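Student: Sharing a structure with you now.
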Amino acid sequence: MIPAQLATSVEVITSGPRTTVQDLGRPGHAHLGVPTSGAADQAAYRLANRLVGNPESAACLETVLGGAAVRFHGATSIALTGAPVRATLDGRPMALTQRVPVRPGQTLRLGTPAHGLLCYVAIRGGVDVARTLGSAATDTLTGLGPTPLTSGQHVPVGPAPALEKAPGCSDTAFTPVPSVGPAVLRARLGPRDDRFTPAAVRALFASGWEVTADTNRVAARLTGPCLEYADRGQLRSEGMVTGAIEVPPSGQPIVFLPDHPTTGGYPVIGVVDAADLGLLAQSRPGTAVRFTPARSPRRRPTSPPGH
């Protein structure tokens, strides 16, 4: 029986390999050792919310490799974005990147994505769970936020927003997860590229890399040529940003993702552009990766021409 206070809720039938609650995360707490966390593929997450008229900050479900099934207790609408997956609603195929009405008692089931890792289920009104430091995101590093969802759990849904759909929102605003070719990540050198040999700096961009099985929401570990240090002097622990390409003594780079530690003691050779981190987060083990130099943003003139 559904508890009265959860009459409008989502029942987890099965969570698949892992299903968590995610939102925009909890930025601004790095000085406390708290990662930003939040949705790993921000573009897919934001689109799912816009499709059902939620604020972009509304909490959604993030699934890894599909396999999840949830039942809706209450009439609502949902949107499914992210990795291309065969989804059914009461056994009938359901389209991605579209708002879909749901009747009470209907069940959404996700298969295994054809490629990519992460799917996002946005429910009109958003997942309404307790917030920690202003966020409902599950942080797998520190344990903050709700625990990963389990079978039999009922997750409450918030009140429906005023908008039916975000203005101008359509599936054309979404770039799908590519099925072929390497994941090309734009990156800028620094702040510690001077700690590496010139050959290592060249190799970062000239070489091919591969995502290893030792990859999660904390970081994507890559394998490829050894990036050798030029300066092996001890480096004090420094603050780390999402997208930092940290290189331990093994010479194999680690790219920090949303749940990354806020400090690190190994040199950072570069930083991946924030817009490309979702692509990396969607990359399965064995996916080929290449880095390409990011163009610096064009600076606006500080005074009119001729002055």
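Every chain in the structure tokens has a letter given in the order shown (A, B, ...), and although residue numbers restart at 1 in each chain, ligands are simply numbered from 1 in the order shown.
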Using only C-alpha atoms, determine which residues lie at most 9 Å from Pro285 (chain A), disregarding the query and same-chain residues fewer than 5 positions distant; provide the list as a ChimeraX atom specification.
Tutor: /A:210-215
Student: Using only C-alpha atoms, tabulate the residues of region 57-154 of chain A lying at most 8 Å from any atom of region 257-260 of chain A, each with its closest atom pair and that distance in Å to one decimal, by chain and increasing residue number, as a Markdown table.
Tutor:
| residue | atom | partner | partner_atom | distance |
| --- | --- | --- | --- | --- |
| A:Asp139 | CA | A:Asp259 | CA | 6.0 |
| A:Thr140 | CA | A:Asp259 | CA | 6.4 |
| A:Leu141 | CA | A:Asp259 | CA | 5.8 |
Student: Taking 5 positions as the minimum chain separation for residues in the same chain, which residues sit within 7 Å of region 119-125 of chain A when counting only C-alpha atoms? Answer as JSON, numbers by chain.
Tutor: {"A": [44, 45, 48, 49, 52, 53, 54, 60, 61, 62, 63, 64, 66, 76, 77, 78, 79, 80, 81, 82, 83, 157, 158, 159, 160, 161]}
Student: Between CA of Ile269 (chain A) and CA of Arg46 (chain A), measure the distance and give it in Å to one decimal.
Tutor: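 Pair CA of Ile269 (chain A) / CA of Arg46 (chain A) returns 29.8 Å.
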Student: Distance CA of Ala244 (chain A)-CA of Gly270 (chain A), one decimal place?
Tutor: 6.2 Å
Student: Region 1-51 of chain A: which residues are helix (DSSP H, G or I) by DSSP, as an mmCIF file with N, CA and C atoms, in the first residue's frame?
Tutor:
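This went into selection.cif:
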data_model
loop_
_atom_site.group_PDB
_atom_site.id
_atom_site.type_symbol
_atom_site.label_atom_id
_atom_site.label_comp_id
_atom_site.auth_asym_id
_atom_site.auth_seq_id
_atom_site.Cartn_x
_atom_site.Cartn_y
_atom_site.Cartn_z
ATOM 1 N N ALA A 4 -0.087 7.495 2.470
ATOM 2 C CA ALA A 4 -0.945 8.601 2.036
ATOM 3 C C ALA A 4 -0.137 9.810 1.611
ATOM 4 N N GLN A 5 0.973 10.071 2.331
ATOM 5 C CA GLN A 5 1.753 11.267 2.008
ATOM 6 C C GLN A 5 2.505 11.115 0.690
ATOM 7 N N LEU A 6 2.542 9.885 0.126
ATOM 8 C CA LEU A 6 3.235 9.657 -1.133
ATOM 9 C C LEU A 6 2.246 9.296 -2.238
ATOM 10 N N ALA A 30 33.275 23.793 -2.094
ATOM 11 C CA ALA A 30 34.564 23.105 -2.223
ATOM 12 C C ALA A 30 35.454 23.344 -1.003
ATOM 13 N N HIS A 31 35.318 24.515 -0.377
ATOM 14 C CA HIS A 31 36.155 24.805 0.795
ATOM 15 C C HIS A 31 35.807 23.909 1.972
ATOM 16 N N LEU A 32 34.652 23.250 1.891
ATOM 17 C CA LEU A 32 34.244 22.295 2.925
ATOM 18 C C LEU A 32 34.559 20.858 2.509
ATOM 19 N N GLN A 42 24.872 17.219 -18.273
ATOM 20 C CA GLN A 42 24.033 18.378 -17.982
ATOM 21 C C GLN A 42 23.084 18.716 -19.132
ATOM 22 N N ALA A 43 23.526 18.549 -20.377
ATOM 23 C CA ALA A 43 22.667 18.893 -21.510
ATOM 24 C C ALA A 43 21.431 18.010 -21.544
ATOM 25 N N ALA A 44 21.613 16.715 -21.353
ATOM 26 C CA ALA A 44 20.480 15.790 -21.375
ATOM 27 C C ALA A 44 19.560 16.047 -20.187
ATOM 28 N N TYR A 45 20.139 16.298 -19.027
ATOM 29 C CA TYR A 45 19.350 16.562 -17.817
ATOM 30 C C TYR A 45 18.494 17.827 -17.982
ATOM 31 N N ARG A 46 19.104 18.903 -18.447
ATOM 32 C CA ARG A 46 18.373 20.167 -18.592
ATOM 33 C C ARG A 46 17.249 20.033 -19.618
ATOM 34 N N LEU A 47 17.516 19.337 -20.723
ATOM 35 C CA LEU A 47 16.496 19.169 -21.740
ATOM 36 C C LEU A 47 15.299 18.394 -21.194
ATOM 37 N N ALA A 48 15.560 17.337 -20.451
ATOM 38 C CA ALA A 48 14.460 16.538 -19.891
ATOM 39 C C ALA A 48 13.542 17.420 -19.050
ATOM 40 N N ASN A 49 14.123 18.273 -18.221
ATOM 41 C CA ASN A 49 13.305 19.166 -17.398
ATOM 42 C C ASN A 49 12.534 20.169 -18.239
ATOM 43 N N ARG A 50 13.162 20.747 -19.241
ATOM 44 C CA ARG A 50 12.476 21.742 -20.064
ATOM 45 C C ARG A 50 11.297 21.126 -20.799
ATOM 46 N N LEU A 51 11.442 19.884 -21.233
ATOM 47 C CA LEU A 51 10.375 19.233 -21.985
ATOM 48 C C LEU A 51 9.100 19.074 -21.170
#
Student: Restricting the calculation to only C-alpha atoms, which member of A:Gly264, A:Gly126, A:Gly243, A:Gly143 is positioned closest to Ala281 (chain A)?
Tutor: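 For Ala281 (chain A), the nearest of the given residues is A:Gly243.
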Student: Using only C-alpha atoms, pick whichever of A:Leu222, A:Val21, A:Leu110, A:Ala200 has the shortest atom-to-atom distance to Ala59 (chain A).
Tutor: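 Ranking A:Leu222, A:Val21, A:Leu110, A:Ala200 by distance to Ala59 (chain A), first place goes to A:Val21.
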Student: So, with only C-alpha atoms as the atoms that count, which of A:Val34, A:Val268, A:Ala130, A:Ala206 lies closest to Asp193 (chain A)?
Tutor: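 Ranking A:Val34, A:Val268, A:Ala130, A:Ala206 by distance to Asp193 (chain A), first place goes to A:Val268.
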Student: Skipping near chain neighbours, those fewer than 5 positions away, what residues fall within 12 Å of Gln234 (chain A) using only C-alpha atoms, listed as a VMD selection string?
Tutor: chain A and resid 195 229 249 265 to 267
Student: To one decimal place, how far is CA of Pro253 (chain A) from CA of His115 (chain A) in Å?
Tutor: 23.4 Å
